[in-house]
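Asks: Take this structure first; my questions come after.
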Amino acid sequence: MNQNFHERLDEKAAPLPSDRSTGLVLATALLIAAILFRADIAVAGVALGLSLVLSALSLSAPLTLRPLNRAWMAFGHALGRIVSPVVMFVVYCLTIVPFGIAMQFRNDPLRQSPTGAEETFWIVPEISFGPDDMKRQF
């Protein structure tokens, strides 16, 4: 049963980017890391070495990077499943909640009287339109 489930997931999943492009992107990221951490010779050297290895493999034998490509995409999907709800929660808290709180302080947001003395809540418009106003609307 698990095998069928994973096969269906693979069918629904978006196609992986090419192994070469993933290798080159990761090599570029490691090169940038080497530049940023140039003060620490050990970290910069390891990042630069990995960058050169990934670049060479990407250009000469990209199929060797297939497991790395799959792992990188799995990491991206896992990260998206965590970050997306967090970002949506922050957006909700910063946009919807303040408006809801502000609406609580309005006296009568729906213009309904608490006594229920009115027969209808219809608001008569201040401007009335006649048949002459409906000509040449566009």
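Scheme for the structure tokens: letters A, B, ... for chains in order shown; per-chain residue numbers from 1; ligand numbers from 1 in order shown.
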Please extract the residues of chain A with a backbone DSSP assignment of alpha helix (DSSP H) and present them as a ChimeraX atom specification.

Replies: /A:2-12,19-36,41-60,66-104

Asks: Excluding Ile35 in chain A and its own-chain neighbours fewer than 5 positions away, which residues fall within 10 Å of it when counting only C-alpha atoms? Please give them as a compact mmCIF listing (two decimals) with N, CA, C and O atoms, in the first residue's frame.

Replies:
```txt
# COMPACT_ATOMS: atom_id res chain seq x y z
N ALA A 29 25.80 29.21 -4.83
CA ALA A 29 25.51 29.54 -3.43
C ALA A 29 26.72 29.29 -2.55
O ALA A 29 27.03 30.09 -1.66
N LEU A 30 27.43 28.20 -2.81
CA LEU A 30 28.64 27.91 -2.02
C LEU A 30 29.75 28.91 -2.33
O LEU A 30 30.51 29.28 -1.44
N ALA A 44 35.66 29.16 4.43
CA ALA A 44 35.74 29.65 3.05
C ALA A 44 36.39 28.61 2.15
O ALA A 44 35.97 28.40 1.01
N GLY A 45 37.41 27.92 2.64
CA GLY A 45 38.09 26.91 1.84
C GLY A 45 37.19 25.72 1.54
O GLY A 45 37.16 25.22 0.40
N ALA A 47 33.86 25.73 1.53
CA ALA A 47 32.80 26.19 0.64
C ALA A 47 33.32 26.34 -0.79
O ALA A 47 32.66 25.95 -1.76
N LEU A 48 34.51 26.89 -0.95
CA LEU A 48 35.08 27.07 -2.28
C LEU A 48 35.40 25.71 -2.91
O LEU A 48 35.14 25.49 -4.10
```

Asks: If we count only C-alpha atoms, what is near Leu59 in chain A at a cut-off of 12 Å, once residues fewer than 5 positions away on the same chain are taken out, given as a PDB file with N, CA and C atoms, in the first residue's frame?

Replies:
```pdb
ATOM      1  N   SER A  18      16.607  20.334 -13.865  1.00  0.00           N
ATOM      2  CA  SER A  18      17.703  19.510 -14.356  1.00  0.00           C
ATOM      3  C   SER A  18      18.790  19.400 -13.289  1.00  0.00           C
ATOM      4  N   ASP A  19      19.478  18.277 -13.325  1.00  0.00           N
ATOM      5  CA  ASP A  19      20.548  18.034 -12.354  1.00  0.00           C
ATOM      6  C   ASP A  19      21.669  19.054 -12.540  1.00  0.00           C
ATOM      7  N   ARG A  20      21.923  19.421 -13.779  1.00  0.00           N
ATOM      8  CA  ARG A  20      22.977  20.392 -14.064  1.00  0.00           C
ATOM      9  C   ARG A  20      22.643  21.757 -13.454  1.00  0.00           C
ATOM     10  N   SER A  21      21.408  22.214 -13.641  1.00  0.00           N
ATOM     11  CA  SER A  21      21.052  23.532 -13.107  1.00  0.00           C
ATOM     12  C   SER A  21      21.075  23.541 -11.580  1.00  0.00           C
ATOM     13  N   THR A  22      20.597  22.453 -10.964  1.00  0.00           N
ATOM     14  CA  THR A  22      20.642  22.389  -9.503  1.00  0.00           C
ATOM     15  C   THR A  22      22.077  22.415  -9.007  1.00  0.00           C
ATOM     16  N   GLY A  23      22.947  21.675  -9.647  1.00  0.00           N
ATOM     17  CA  GLY A  23      24.363  21.671  -9.253  1.00  0.00           C
ATOM     18  C   GLY A  23      25.000  23.035  -9.404  1.00  0.00           C
ATOM     19  N   LEU A  24      24.679  23.725 -10.503  1.00  0.00           N
ATOM     20  CA  LEU A  24      25.260  25.056 -10.711  1.00  0.00           C
ATOM     21  C   LEU A  24      24.712  26.077  -9.712  1.00  0.00           C
ATOM     22  N   ALA A  27      26.437  25.343  -6.475  1.00  0.00           N
ATOM     23  CA  ALA A  27      27.835  25.768  -6.574  1.00  0.00           C
ATOM     24  C   ALA A  27      27.938  27.279  -6.436  1.00  0.00           C
ATOM     25  N   LEU A  52      33.711  24.226  -6.341  1.00  0.00           N
ATOM     26  CA  LEU A  52      34.459  23.777  -7.516  1.00  0.00           C
ATOM     27  C   LEU A  52      34.080  22.344  -7.891  1.00  0.00           C
ATOM     28  N   VAL A  53      33.923  21.485  -6.894  1.00  0.00           N
ATOM     29  CA  VAL A  53      33.538  20.090  -7.171  1.00  0.00           C
ATOM     30  C   VAL A  53      32.148  20.043  -7.806  1.00  0.00           C
ATOM     31  N   LEU A  54      31.194  20.787  -7.238  1.00  0.00           N
ATOM     32  CA  LEU A  54      29.835  20.804  -7.801  1.00  0.00           C
ATOM     33  C   LEU A  54      29.831  21.377  -9.211  1.00  0.00           C
ATOM     34  N   THR A  64      25.320  12.326 -11.883  1.00  0.00           N
ATOM     35  CA  THR A  64      25.802  11.971 -10.545  1.00  0.00           C
ATOM     36  C   THR A  64      25.169  12.848  -9.472  1.00  0.00           C
ATOM     37  N   LEU A  65      24.597  13.962  -9.886  1.00  0.00           N
ATOM     38  CA  LEU A  65      23.975  14.886  -8.923  1.00  0.00           C
ATOM     39  C   LEU A  65      22.479  14.625  -8.731  1.00  0.00           C
TER      40      LEU A  65
END
```

Asks: By how many Å are CA of Ala33 in chain A and CA of Ser51 in chain A apart?

Replies: 9.5 Å

Asks: Using only C-alpha atoms, which residue out of A:Phe89, A:Trp72, A:Phe129, A:Trp122 lies closest to Val25 in chain A?

Replies: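 Answer, going by the shortest atom-to-atom distance: A:Trp72.
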